[in-house]
>>> print(open('input_5.pdb').read())   # PDB, C-alpha atoms
ATOM      1  CA  MET A   1      17.447  -6.730  12.890
ATOM      2  CA  ARG A   2      19.227 -10.057  13.268
ATOM      3  CA  ASN A   3      21.045 -12.092  10.605
ATOM      4  CA  VAL A   4      21.131 -15.792   9.848
ATOM      5  CA  ALA A   5      23.426 -17.443   7.297
ATOM      6  CA  LEU A   6      21.608 -19.874   5.004
ATOM      7  CA  PRO A   7      22.937 -21.837   2.008
ATOM      8  CA  ALA A   8      21.433 -19.192  -0.300
ATOM      9  CA  GLY A   9      22.884 -16.259   1.637
ATOM     10  CA  VAL A  10      22.391 -14.111   4.728
ATOM     11  CA  VAL A  11      18.762 -13.388   5.612
ATOM     12  CA  GLU A  12      17.728 -10.585   7.959
ATOM     13  CA  TYR A  13      14.872 -11.095  10.399
ATOM     14  CA  ASP A  14      13.043  -9.364  13.219
ATOM     15  CA  ASP A  15      12.509 -11.419  16.391
ATOM     16  CA  ARG A  16      10.260 -10.261  19.240
ATOM     17  CA  GLY A  17       8.626 -11.810  22.275
ATOM     18  CA  ALA A  18       8.866 -15.267  23.796
ATOM     19  CA  GLY A  19       6.681 -18.342  23.639
ATOM     20  CA  PRO A  20       5.208 -20.408  20.790
ATOM     21  CA  VAL A  21       6.680 -19.281  17.481
ATOM     22  CA  VAL A  22       4.725 -17.362  14.850
ATOM     23  CA  VAL A  23       6.561 -16.702  11.564
ATOM     24  CA  LEU A  24       5.070 -13.870   9.496
ATOM     25  CA  LEU A  25       5.901 -13.894   5.782
ATOM     26  CA  HIS A  26       5.520 -11.163   3.151
ATOM     27  CA  GLY A  27       5.182 -10.792  -0.593
ATOM     28  CA  LEU A  28       7.068  -9.551  -3.629
ATOM     29  CA  LEU A  29       8.718  -6.107  -3.301
ATOM     30  CA  MET A  30       7.864  -6.035   0.428
ATOM     31  CA  ASP A  31       9.680  -6.749   3.669
ATOM     32  CA  HIS A  32       8.869  -7.480   7.312
ATOM     33  CA  THR A  33       7.421  -3.991   7.825
ATOM     34  CA  LEU A  34       4.288  -5.235   6.073
ATOM     35  CA  TRP A  35       3.242  -6.387   9.564
ATOM     36  CA  ASP A  36       4.102  -3.236  11.522
ATOM     37  CA  ARG A  37       0.471  -2.217  12.035
ATOM     38  CA  VAL A  38      -0.652  -5.671  13.161
ATOM     39  CA  LEU A  39       2.256  -6.737  15.349
ATOM     40  CA  PRO A  40       1.464  -4.474  18.370
ATOM     41  CA  LEU A  41      -2.126  -5.764  18.329
ATOM     42  CA  LEU A  42      -1.281  -9.470  18.449
ATOM     43  CA  PRO A  43      -1.474 -11.340  21.795
ATOM     44  CA  GLN A  44       1.499 -11.446  24.112
ATOM     45  CA  GLY A  45       3.039 -14.761  25.113
ATOM     46  CA  PHE A  46       4.215 -15.588  21.581
ATOM     47  CA  ARG A  47       7.497 -15.206  19.733
ATOM     48  CA  TYR A  48       6.955 -13.300  16.479
ATOM     49  CA  VAL A  49       9.625 -13.847  13.820
ATOM     50  CA  ARG A  50       9.583 -11.830  10.586
ATOM     51  CA  PRO A  51      12.161 -12.843   7.955
ATOM     52  CA  VAL A  52      13.040 -10.605   5.017
ATOM     53  CA  LEU A  53      12.785 -12.948   2.048
ATOM     54  CA  PRO A  54      14.849 -12.220  -1.097
ATOM     55  CA  LEU A  55      11.833 -11.033  -3.078
ATOM     56  CA  GLY A  56      13.099  -7.621  -4.147
ATOM     57  CA  ALA A  57      12.888  -5.462  -1.010
ATOM     58  CA  HIS A  58      15.704  -7.280   0.829
ATOM     59  CA  ARG A  59      18.866  -5.321   1.684
ATOM     60  CA  ARG A  60      21.332  -8.205   1.800
ATOM     61  CA  PRO A  61      21.901  -9.681  -1.672
ATOM     62  CA  MET A  62      22.003 -13.451  -1.841
ATOM     63  CA  ASN A  63      25.043 -15.489  -2.833
ATOM     64  CA  PRO A  64      25.878 -15.474  -6.559
ATOM     65  CA  GLY A  65      24.328 -18.514  -8.199
ATOM     66  CA  ALA A  66      21.881 -19.177  -5.335
ATOM     67  CA  ASP A  67      18.693 -20.948  -6.393
ATOM     68  CA  LEU A  68      16.075 -18.212  -6.069
ATOM     69  CA  THR A  69      13.468 -19.764  -8.323
ATOM     70  CA  LEU A  70      10.085 -20.519  -6.791
ATOM     71  CA  ARG A  71      11.304 -23.901  -5.533
ATOM     72  CA  GLY A  72      14.537 -22.328  -4.255
ATOM     73  CA  GLN A  73      12.585 -19.713  -2.315
ATOM     74  CA  VAL A  74      10.449 -22.445  -0.722
ATOM     75  CA  ARG A  75      13.659 -24.258   0.244
ATOM     76  CA  LEU A  76      14.976 -21.018   1.723
ATOM     77  CA  VAL A  77      11.952 -20.767   4.049
ATOM     78  CA  ALA A  78      12.557 -24.354   5.187
ATOM     79  CA  ASP A  79      16.267 -23.609   5.705
ATOM     80  CA  PHE A  80      15.349 -20.524   7.752
ATOM     81  CA  LEU A  81      13.169 -22.568  10.110
ATOM     82  CA  ASP A  82      15.875 -25.233  10.360
ATOM     83  CA  GLU A  83      18.765 -22.864  11.012
ATOM     84  CA  LEU A  84      16.914 -21.090  13.827
ATOM     85  CA  GLY A  85      15.777 -24.424  15.248
ATOM     86  CA  LEU A  86      12.145 -23.315  15.322
ATOM     87  CA  GLU A  87       9.612 -25.954  16.367
ATOM     88  CA  ASP A  88       5.809 -26.155  16.212
ATOM     89  CA  VAL A  89       5.696 -23.008  14.104
ATOM     90  CA  THR A  90       2.548 -21.143  13.160
ATOM     91  CA  LEU A  91       3.368 -20.027   9.611
ATOM     92  CA  VAL A  92       1.493 -16.981   8.309
ATOM     93  CA  HIS A  93       1.286 -16.517   4.533
ATOM     94  CA  ALA A  94       0.535 -13.188   2.818
ATOM     95  CA  ASP A  95       0.554 -12.262  -0.897
ATOM     96  CA  TRP A  96       3.402 -14.648  -1.836
ATOM     97  CA  GLY A  97       2.071 -18.192  -1.831
ATOM     98  CA  GLY A  98       5.295 -20.110  -2.351
ATOM     99  CA  ALA A  99       5.585 -21.297   1.251
ATOM    100  CA  LEU A 100       2.274 -23.137   0.822
ATOM    101  CA  PHE A 101       4.392 -25.668  -1.077
ATOM    102  CA  LEU A 102       6.454 -26.744   1.937
ATOM    103  CA  THR A 103       4.094 -29.684   2.343
ATOM    104  CA  ALA A 104       4.327 -30.674  -1.336
ATOM    105  CA  HIS A 105       8.132 -30.873  -1.052
ATOM    106  CA  GLY A 106       8.133 -32.604   2.338
ATOM    107  CA  TRP A 107       9.741 -29.606   4.086
ATOM    108  CA  ASP A 108       6.997 -28.734   6.571
ATOM    109  CA  ARG A 109       8.105 -30.801   9.574
ATOM    110  CA  ARG A 110       8.623 -27.680  11.700
ATOM    111  CA  VAL A 111       5.208 -26.216  10.832
ATOM    112  CA  ALA A 112       2.387 -27.078  13.235
ATOM    113  CA  ARG A 113      -0.262 -24.522  12.225
ATOM    114  CA  GLN A 114      -0.870 -22.187   9.317
ATOM    115  CA  VAL A 115      -2.670 -18.899   8.731
ATOM    116  CA  ILE A 116      -3.302 -18.123   5.068
ATOM    117  CA  LEU A 117      -4.167 -14.560   4.122
ATOM    118  CA  PRO A 118      -4.896 -13.694   0.474
ATOM    119  CA  CYS A 119      -1.977 -15.105  -1.474
ATOM    120  CA  GLU A 120      -1.027 -16.902  -4.644
ATOM    121  CA  ALA A 121      -2.376 -20.434  -4.868
ATOM    122  CA  PHE A 122      -3.242 -23.082  -7.436
ATOM    123  CA  GLU A 123      -2.568 -21.669 -10.937
ATOM    124  CA  ASN A 124      -2.549 -17.999  -9.833
ATOM    125  CA  PHE A 125       1.236 -17.426 -10.196
ATOM    126  CA  PRO A 126       1.966 -14.581 -10.886
ATOM    127  CA  PRO A 127      -1.334 -13.119  -9.715
ATOM    128  CA  GLY A 128      -3.651 -10.765 -11.596
ATOM    129  CA  LEU A 129      -2.728  -7.414 -13.105
ATOM    130  CA  PRO A 130       0.065  -6.660 -10.579
ATOM    131  CA  GLY A 131       1.663 -10.023 -11.301
ATOM    132  CA  ARG A 132       1.562  -9.448 -15.047
ATOM    133  CA  MET A 133       3.153  -6.042 -14.524
ATOM    134  CA  VAL A 134       6.059  -7.595 -12.613
ATOM    135  CA  SER A 135       6.473 -10.251 -15.325
ATOM    136  CA  LEU A 136       6.627  -7.519 -17.952
ATOM    137  CA  ALA A 137       9.172  -5.529 -15.943
ATOM    138  CA  ALA A 138      11.356  -8.647 -15.681
ATOM    139  CA  ARG A 139      11.504  -8.911 -19.475
ATOM    140  CA  LEU A 140      12.424  -5.279 -20.164
ATOM    141  CA  PRO A 141      15.916  -3.805 -19.710
ATOM    142  CA  GLY A 142      15.668  -1.468 -16.731
ATOM    143  CA  GLY A 143      12.116  -2.651 -16.137
ATOM    144  CA  PHE A 144      12.482  -3.124 -12.391
ATOM    145  CA  GLN A 145      13.891   0.367 -11.893
ATOM    146  CA  LEU A 146      11.102   1.878 -13.988
ATOM    147  CA  ALA A 147       8.427   0.001 -12.035
ATOM    148  CA  ALA A 148       9.986   1.008  -8.705
ATOM    149  CA  ARG A 149      10.034   4.685  -9.689
ATOM    150  CA  GLN A 150       6.380   4.474 -10.714
ATOM    151  CA  LEU A 151       5.508   2.960  -7.348
ATOM    152  CA  ARG A 152       7.053   5.984  -5.647
ATOM    153  CA  LEU A 153       4.574   8.298  -7.360
ATOM    154  CA  ARG A 154       1.336   8.223  -5.389
ATOM    155  CA  PRO A 155      -1.085   8.761  -8.307
ATOM    156  CA  LEU A 156       0.607   6.035 -10.366
ATOM    157  CA  ARG A 157       0.848   3.401  -7.632
ATOM    158  CA  ARG A 158      -2.924   3.626  -7.161
ATOM    159  CA  LEU A 159      -3.352   2.261 -10.695
ATOM    160  CA  PRO A 160      -4.738  -1.321 -10.882
ATOM    161  CA  VAL A 161      -1.589  -2.597 -12.601
ATOM    162  CA  LEU A 162       0.569  -1.438  -9.666
ATOM    163  CA  LEU A 163      -0.794  -1.341  -6.104
ATOM    164  CA  GLY A 164      -4.350  -0.142  -6.706
ATOM    165  CA  GLN A 165      -5.720  -3.670  -6.415
ATOM    166  CA  MET A 166      -3.341  -4.694  -3.642
ATOM    167  CA  ALA A 167      -4.346  -2.206  -0.930
ATOM    168  CA  ARG A 168      -7.640  -0.396  -0.599
ATOM    169  CA  ARG A 169      -6.135   2.391   1.493
ATOM    170  CA  PRO A 170      -3.255   4.492   0.107
ATOM    171  CA  LEU A 171       0.136   3.227   1.230
ATOM    172  CA  PRO A 172       2.398   5.708   3.049
ATOM    173  CA  ASP A 173       5.173   7.214   0.960
ATOM    174  CA  ASP A 174       7.862   6.220   3.449
ATOM    175  CA  LEU A 175       6.781   2.567   3.361
ATOM    176  CA  VAL A 176       6.861   2.411  -0.434
ATOM    177  CA  ARG A 177      10.221   4.202  -0.532
ATOM    178  CA  ARG A 178      11.623   1.636   1.898
ATOM    179  CA  TRP A 179      10.354  -1.269  -0.202
ATOM    180  CA  THR A 180      11.704   0.131  -3.483
ATOM    181  CA  GLU A 181      15.066   1.463  -2.282
ATOM    182  CA  PRO A 182      17.018  -1.826  -2.540
ATOM    183  CA  ILE A 183      15.968  -2.550  -6.118
ATOM    184  CA  LEU A 184      16.873   0.976  -7.199
ATOM    185  CA  ARG A 185      20.180   1.009  -5.341
ATOM    186  CA  ASP A 186      21.716  -2.426  -5.884
ATOM    187  CA  ALA A 187      22.018  -4.413  -9.111
ATOM    188  CA  ARG A 188      22.493  -7.584  -7.051
ATOM    189  CA  ILE A 189      19.020  -7.165  -5.546
ATOM    190  CA  ARG A 190      17.617  -6.819  -9.067
ATOM    191  CA  ARG A 191      19.523  -9.984 -10.007
ATOM    192  CA  ASP A 192      17.901 -11.861  -7.117
ATOM    193  CA  LEU A 193      14.402 -10.723  -8.037
ATOM    194  CA  LEU A 194      14.983 -11.539 -11.680
ATOM    195  CA  ALA A 195      15.971 -15.093 -10.721
ATOM    196  CA  TYR A 196      12.598 -15.523  -9.026
ATOM    197  CA  CYS A 197      10.565 -13.869 -11.786
ATOM    198  CA  ARG A 198      12.132 -16.183 -14.362
ATOM    199  CA  SER A 199      10.964 -19.257 -12.447
ATOM    200  CA  PRO A 200       9.167 -21.879 -14.540
ATOM    201  CA  PHE A 201       5.576 -21.392 -13.370
ATOM    202  CA  ASP A 202       4.049 -24.639 -14.617
ATOM    203  CA  LYS A 203       0.302 -24.354 -14.030
ATOM    204  CA  PRO A 204      -0.533 -28.061 -13.522
ATOM    205  CA  GLU A 205       2.425 -28.425 -11.146
ATOM    206  CA  LEU A 206       1.354 -25.346  -9.187
ATOM    207  CA  VAL A 207      -2.122 -26.811  -8.761
ATOM    208  CA  ARG A 208      -0.730 -30.182  -7.635
ATOM    209  CA  ASP A 209       1.634 -28.533  -5.159
ATOM    210  CA  THR A 210      -1.206 -26.477  -3.687
ATOM    211  CA  GLU A 211      -3.484 -29.491  -3.435
ATOM    212  CA  ALA A 212      -0.748 -31.262  -1.435
ATOM    213  CA  LEU A 213      -2.027 -29.198   1.521
ATOM    214  CA  ALA A 214      -4.581 -31.969   1.893
ATOM    215  CA  ARG A 215      -1.733 -33.832   3.638
ATOM    216  CA  PHE A 216      -1.209 -31.059   6.206
ATOM    217  CA  THR A 217      -3.067 -32.195   9.321
ATOM    218  CA  GLY A 218      -2.277 -29.245  11.597
ATOM    219  CA  ASP A 219      -4.770 -26.573  12.539
ATOM    220  CA  ALA A 220      -5.187 -23.906   9.843
ATOM    221  CA  LEU A 221      -7.037 -20.645   9.333
ATOM    222  CA  VAL A 222      -7.760 -19.218   5.897
ATOM    223  CA  LEU A 223      -8.363 -15.506   6.429
ATOM    224  CA  TRP A 224      -9.433 -14.155   3.037
ATOM    225  CA  SER A 225     -10.500 -10.731   1.802
ATOM    226  CA  PRO A 226     -13.676 -11.108  -0.275
ATOM    227  CA  ASP A 227     -13.331  -7.633  -1.818
ATOM    228  CA  ASN A 228      -9.921  -8.212  -3.400
ATOM    229  CA  ARG A 229      -9.649  -8.778  -7.160
ATOM    230  CA  VAL A 230      -6.200 -10.366  -7.343
ATOM    231  CA  MET A 231      -6.513 -13.553  -5.271
ATOM    232  CA  PRO A 232      -9.840 -15.193  -6.236
ATOM    233  CA  LEU A 233     -12.414 -15.648  -3.485
ATOM    234  CA  ALA A 234     -12.951 -19.200  -4.675
ATOM    235  CA  HIS A 235      -9.292 -19.958  -3.930
ATOM    236  CA  GLY A 236      -9.690 -19.000  -0.269
ATOM    237  CA  ARG A 237     -12.680 -21.278   0.193
ATOM    238  CA  ARG A 238     -10.975 -24.032  -1.780
ATOM    239  CA  LEU A 239      -7.890 -23.843   0.431
ATOM    240  CA  ALA A 240      -9.999 -24.108   3.573
ATOM    241  CA  GLY A 241     -11.734 -27.144   2.099
ATOM    242  CA  LEU A 242      -8.418 -28.809   1.225
ATOM    243  CA  LEU A 243      -6.941 -28.520   4.698
ATOM    244  CA  PRO A 244      -8.206 -31.337   6.957
ATOM    245  CA  ALA A 245      -8.341 -28.972   9.968
ATOM    246  CA  GLY A 246      -8.998 -25.801   8.005
ATOM    247  CA  ARG A 247     -11.233 -22.952   9.148
ATOM    248  CA  TYR A 248     -12.412 -20.078   6.990
ATOM    249  CA  ALA A 249     -12.950 -16.422   7.934
ATOM    250  CA  GLU A 250     -13.120 -13.137   6.036
ATOM    251  CA  VAL A 251     -11.906  -9.566   6.401
ATOM    252  CA  PRO A 252     -14.452  -7.389   4.566
ATOM    253  CA  GLY A 253     -13.354  -4.008   3.288
ATOM    254  CA  ALA A 254      -9.771  -5.090   2.583
ATOM    255  CA  TYR A 255      -7.854  -6.023  -0.538
ATOM    256  CA  VAL A 256      -4.872  -8.391  -0.703
ATOM    257  CA  LEU A 257      -2.867  -6.521   1.930
ATOM    258  CA  SER A 258      -5.507  -6.811   4.620
ATOM    259  CA  MET A 259      -2.921  -6.260   7.353
ATOM    260  CA  LEU A 260      -2.548  -2.700   6.030
ATOM    261  CA  ASP A 261      -6.200  -2.065   5.164
ATOM    262  CA  GLU A 262      -7.800  -3.561   8.286
ATOM    263  CA  PRO A 263      -5.045  -4.257  10.847
ATOM    264  CA  GLU A 264      -7.420  -4.471  13.820
ATOM    265  CA  ALA A 265      -9.593  -7.110  12.146
ATOM    266  CA  VAL A 266      -6.573  -9.119  11.001
ATOM    267  CA  ALA A 267      -4.986  -9.000  14.465
ATOM    268  CA  ARG A 268      -8.272 -10.004  16.084
ATOM    269  CA  GLU A 269      -8.735 -13.063  13.853
ATOM    270  CA  ILE A 270      -5.108 -14.200  14.086
ATOM    271  CA  GLY A 271      -5.071 -13.609  17.842
ATOM    272  CA  ARG A 272      -8.240 -15.632  18.282
ATOM    273  CA  PHE A 273      -6.703 -18.455  16.243
ATOM    274  CA  LEU A 274      -3.435 -18.396  18.197
ATOM    275  CA  THR A 275      -5.098 -18.484  21.599
ATOM    276  CA  SER A 276      -7.928 -20.918  20.923
ATOM    277  CA  PRO A 277      -7.662 -24.701  21.013
ATOM    278  CA  PRO A 278      -7.890 -26.467  17.659
ATOM    279  CA  PRO A 279     -11.347 -27.666  16.660
ATOM    280  CA  PRO A 280     -12.198 -31.283  17.449
ATOM    281  CA  THR A 281     -11.293 -33.709  14.702
TER
END
>>> encode(input="input_5.pdb", output="structure tokens")
Amino acid sequence: MRNVALPAGVVEYDDRGAGPVVVLLHGLLMDHTLWDRVLPLLPQGFRYVRPVLPLGAHRRPMNPGADLTLRGQVRLVADFLDELGLEDVTLVHADWGGALFLTAHGWDRRVARQVILPCEAFENFPPGLPGRMVSLAARLPGGFQLAARQLRLRPLRRLPVLLGQMARRPLPDDLVRRWTEPILRDARIRRDLLAYCRSPFDKPELVRDTEALARFTGDALVLWSPDNRVMPLAHGRRLAGLLPAGRYAEVPGAYVLSMLDEPEAVAREIGRFLTSPPPPT
């Protein structure tokens, strides 16, 4: 893993390959290993960069007082692209939808293309039953530790309020232990996650910031999972309709974390997008 110092703190990232840049994001209580099954299947000739965002599974706590609200996390993604000097980036969204708002804030100048897997959008922050569970944990003393310990128990994490609606296939124990270790081990990681979970999620503002994608003129693929119950199917189709150069495709048989449920299908669709010319305008 490599490190980059940002105004909010040091962010770890994985960097492989050479060529046009593809930045793969992850969601809450996850890290870059979310993409481990897909990465070997993606086409060569690209540089794949996977940052570990401070969303609860990060191992380097952020600076005290850093802005880690929703807007601060979006700024952090922009700072990451700036600090590494990345140009003409293909930005891949998964589960966490905050980076969709780069366009709304005018911070998307380094982003040329986007791939949007099932993620938060419009008013769906925090999303569904899992999102409400995280919000509840943020309000209870010791709530994050309790939730993390429940996730480590296979029968419990299959419940709809935990990961049962996030992944159709059972997640490996070692992956879940990796994702939950930082929040159990380090109070500063819990502090960082709490700062995000206490963000002011204003529904009308969230909708306006999502609809700002109508100003993003780069090529885009919305790759949704119609069988998931957390990120509405209508949101995927609506996103594709908003984007001036948006395409829409589906990964049947997968839930939100389609890269874990159907890695071959996800790699095939992303690879086809990366290697094909944009559609005529």
>>> atom_distance(input="input_5.pdb", atom1="atom CA of A:Gln73", atom2="atom CA of A:Leu86")
18.0 Å
>>> resolve_selection(input="input_5.pdb", expression="the PyMOL selection byres ((chain A and resi 77) around 10)", output="JSON, numbers by chain")
{"A": [6, 25, 51, 53, 72, 73, 74, 75, 76, 78, 79, 80, 81, 82, 83, 98, 99, 102, 107, 108]}
>>> resolve_selection(input="input_5.pdb", expression="the PyMOL selection byres ((chain A and resi 135-142) around 9)", output="count of residues only")
15
>>> atom_distance(input="input_5.pdb", atom1="atom CA of A:Gln114", atom2="atom CA of A:Gly236")
13.4 Å
>>> closest_residue(input="input_5.pdb", among="A:Leu257, A:Ile183, A:Leu70, A:Val230", to="A:Val161", atoms="all atoms listed in the file")
A:Val230
>>> axis_aligned_box(input="input_5.pdb", around="stretch 193-204 of chain A", padding_each_side="4 Å", output="lines of an AutoDock Vina configuration file")
center_x = 7.7
center_y = -19.4
center_z = -11.3
size_x = 24.5
size_y = 25.3
size_z = 14.6
>>> resolve_selection(input="input_5.pdb", expression="the PyMOL selection byres ((chain A and resi 152) around 12)", output="count of residues only")
28
>>> residues_around(input="input_5.pdb", residues="A:Asp227", least_positions_apart="3", cutoff="7 Å", atoms="all atoms listed in the file", output="list in words")
Pro252, Gly253, Ala254 and Tyr255 of chain A
>>> residues_around(input="input_5.pdb", residues="A:Val111", least_positions_apart="4", cutoff="7 Å", atoms="only C-alpha atoms", output="ChimeraX atom specification")
/A:88-91
>>> residues_near_point(input="input_5.pdb", point="(-2.1, -22.6, 8.8)", cutoff="10 Å", atoms="all atoms listed in the file", output="list in words")
Val89, Thr90, Leu91, Val92, His93, Leu100, Val111, Ala112, Arg113, Gln114, Val115, Ile116, Leu117, Leu213, Phe216, Thr217, Gly218, Asp219, Ala220, Leu221, Val222, Leu223, Ala240, Leu243, Ala245, Gly246, Arg247 and Phe273 of chain A
>>> atom_distance(input="input_5.pdb", atom1="atom CA of A:Asp186", atom2="atom CA of A:Met30")
15.6 Å
>>> closest_residue(input="input_5.pdb", among="A:Glu269, A:Glu250, A:Glu87, A:Asp14", to="A:Trp35", atoms="all atoms listed in the file")
A:Asp14
>>> build_atoms(input="input_5.pdb", residues="stretch 42-50 of chain A", atoms="all heavy atoms", output="PDB file, in the coordinates of the input")
ATOM      1  N   LEU A  42      -1.228  -8.021  18.265  1.00  0.00           N
ATOM      2  CA  LEU A  42      -1.281  -9.470  18.449  1.00  0.00           C
ATOM      3  C   LEU A  42      -1.066  -9.830  19.921  1.00  0.00           C
ATOM      4  O   LEU A  42      -0.454  -9.070  20.679  1.00  0.00           O
ATOM      5  CB  LEU A  42      -0.226 -10.147  17.581  1.00  0.00           C
ATOM      6  CG  LEU A  42      -0.473 -10.088  16.066  1.00  0.00           C
ATOM      7  CD1 LEU A  42       0.713 -10.662  15.303  1.00  0.00           C
ATOM      8  CD2 LEU A  42      -1.760 -10.812  15.694  1.00  0.00           C
ATOM      9  N   PRO A  43      -1.567 -10.982  20.364  1.00  0.00           N
ATOM     10  CA  PRO A  43      -1.474 -11.340  21.795  1.00  0.00           C
ATOM     11  C   PRO A  43      -0.037 -11.532  22.251  1.00  0.00           C
ATOM     12  O   PRO A  43       0.829 -11.989  21.495  1.00  0.00           O
ATOM     13  CB  PRO A  43      -2.277 -12.635  21.886  1.00  0.00           C
ATOM     14  CG  PRO A  43      -2.331 -13.173  20.506  1.00  0.00           C
ATOM     15  CD  PRO A  43      -2.313 -11.997  19.584  1.00  0.00           C
ATOM     16  N   GLN A  44       0.207 -11.182  23.498  1.00  0.00           N
ATOM     17  CA  GLN A  44       1.499 -11.446  24.112  1.00  0.00           C
ATOM     18  C   GLN A  44       1.614 -12.934  24.442  1.00  0.00           C
ATOM     19  O   GLN A  44       0.639 -13.672  24.373  1.00  0.00           O
ATOM     20  CB  GLN A  44       1.664 -10.593  25.364  1.00  0.00           C
ATOM     21  CG  GLN A  44       1.670  -9.094  25.090  1.00  0.00           C
ATOM     22  CD  GLN A  44       1.925  -8.273  26.336  1.00  0.00           C
ATOM     23  OE1 GLN A  44       2.112  -8.807  27.427  1.00  0.00           O
ATOM     24  NE2 GLN A  44       1.929  -6.956  26.183  1.00  0.00           N
ATOM     25  N   GLY A  45       2.829 -13.354  24.797  1.00  0.00           N
ATOM     26  CA  GLY A  45       3.039 -14.761  25.113  1.00  0.00           C
ATOM     27  C   GLY A  45       3.426 -15.587  23.909  1.00  0.00           C
ATOM     28  O   GLY A  45       3.438 -16.820  23.978  1.00  0.00           O
ATOM     29  N   PHE A  46       3.762 -14.907  22.783  1.00  0.00           N
ATOM     30  CA  PHE A  46       4.215 -15.588  21.581  1.00  0.00           C
ATOM     31  C   PHE A  46       5.511 -14.948  21.101  1.00  0.00           C
ATOM     32  O   PHE A  46       5.801 -13.787  21.403  1.00  0.00           O
ATOM     33  CB  PHE A  46       3.163 -15.505  20.463  1.00  0.00           C
ATOM     34  CG  PHE A  46       1.909 -16.291  20.747  1.00  0.00           C
ATOM     35  CD1 PHE A  46       0.873 -15.719  21.483  1.00  0.00           C
ATOM     36  CD2 PHE A  46       1.770 -17.587  20.303  1.00  0.00           C
ATOM     37  CE1 PHE A  46      -0.279 -16.434  21.765  1.00  0.00           C
ATOM     38  CE2 PHE A  46       0.624 -18.320  20.571  1.00  0.00           C
ATOM     39  CZ  PHE A  46      -0.411 -17.730  21.305  1.00  0.00           C
ATOM     40  N   ARG A  47       6.276 -15.714  20.357  1.00  0.00           N
ATOM     41  CA  ARG A  47       7.497 -15.206  19.733  1.00  0.00           C
ATOM     42  C   ARG A  47       7.191 -14.941  18.262  1.00  0.00           C
ATOM     43  O   ARG A  47       6.863 -15.873  17.510  1.00  0.00           O
ATOM     44  CB  ARG A  47       8.631 -16.222  19.871  1.00  0.00           C
ATOM     45  CG  ARG A  47       9.943 -15.811  19.209  1.00  0.00           C
ATOM     46  CD  ARG A  47      10.964 -16.936  19.321  1.00  0.00           C
ATOM     47  NE  ARG A  47      12.191 -16.620  18.600  1.00  0.00           N
ATOM     48  CZ  ARG A  47      13.182 -17.499  18.385  1.00  0.00           C
ATOM     49  NH1 ARG A  47      13.078 -18.742  18.858  1.00  0.00           N
ATOM     50  NH2 ARG A  47      14.257 -17.142  17.704  1.00  0.00           N
ATOM     51  N   TYR A  48       7.286 -13.691  17.838  1.00  0.00           N
ATOM     52  CA  TYR A  48       6.955 -13.300  16.479  1.00  0.00           C
ATOM     53  C   TYR A  48       8.242 -13.082  15.683  1.00  0.00           C
ATOM     54  O   TYR A  48       9.052 -12.212  16.018  1.00  0.00           O
ATOM     55  CB  TYR A  48       6.095 -12.039  16.482  1.00  0.00           C
ATOM     56  CG  TYR A  48       4.757 -12.247  17.160  1.00  0.00           C
ATOM     57  CD1 TYR A  48       4.536 -11.785  18.458  1.00  0.00           C
ATOM     58  CD2 TYR A  48       3.733 -12.933  16.522  1.00  0.00           C
ATOM     59  CE1 TYR A  48       3.313 -11.991  19.088  1.00  0.00           C
ATOM     60  CE2 TYR A  48       2.506 -13.143  17.151  1.00  0.00           C
ATOM     61  CZ  TYR A  48       2.306 -12.667  18.427  1.00  0.00           C
ATOM     62  OH  TYR A  48       1.095 -12.877  19.054  1.00  0.00           O
ATOM     63  N   VAL A  49       8.422 -13.882  14.644  1.00  0.00           N
ATOM     64  CA  VAL A  49       9.625 -13.847  13.820  1.00  0.00           C
ATOM     65  C   VAL A  49       9.226 -13.412  12.409  1.00  0.00           C
ATOM     66  O   VAL A  49       8.322 -13.994  11.806  1.00  0.00           O
ATOM     67  CB  VAL A  49      10.312 -15.222  13.783  1.00  0.00           C
ATOM     68  CG1 VAL A  49      11.577 -15.173  12.927  1.00  0.00           C
ATOM     69  CG2 VAL A  49      10.639 -15.699  15.197  1.00  0.00           C
ATOM     70  N   ARG A  50       9.923 -12.373  11.901  1.00  0.00           N
ATOM     71  CA  ARG A  50       9.583 -11.830  10.586  1.00  0.00           C
ATOM     72  C   ARG A  50      10.833 -11.825   9.690  1.00  0.00           C
ATOM     73  O   ARG A  50      11.642 -10.896   9.760  1.00  0.00           O
ATOM     74  CB  ARG A  50       9.023 -10.410  10.719  1.00  0.00           C
ATOM     75  CG  ARG A  50       7.718 -10.333  11.510  1.00  0.00           C
ATOM     76  CD  ARG A  50       7.181  -8.902  11.545  1.00  0.00           C
ATOM     77  NE  ARG A  50       8.039  -8.002  12.303  1.00  0.00           N
ATOM     78  CZ  ARG A  50       7.952  -6.669  12.268  1.00  0.00           C
ATOM     79  NH1 ARG A  50       7.060  -6.085  11.482  1.00  0.00           N
ATOM     80  NH2 ARG A  50       8.758  -5.928  13.020  1.00  0.00           N
TER      81      ARG A  50
END
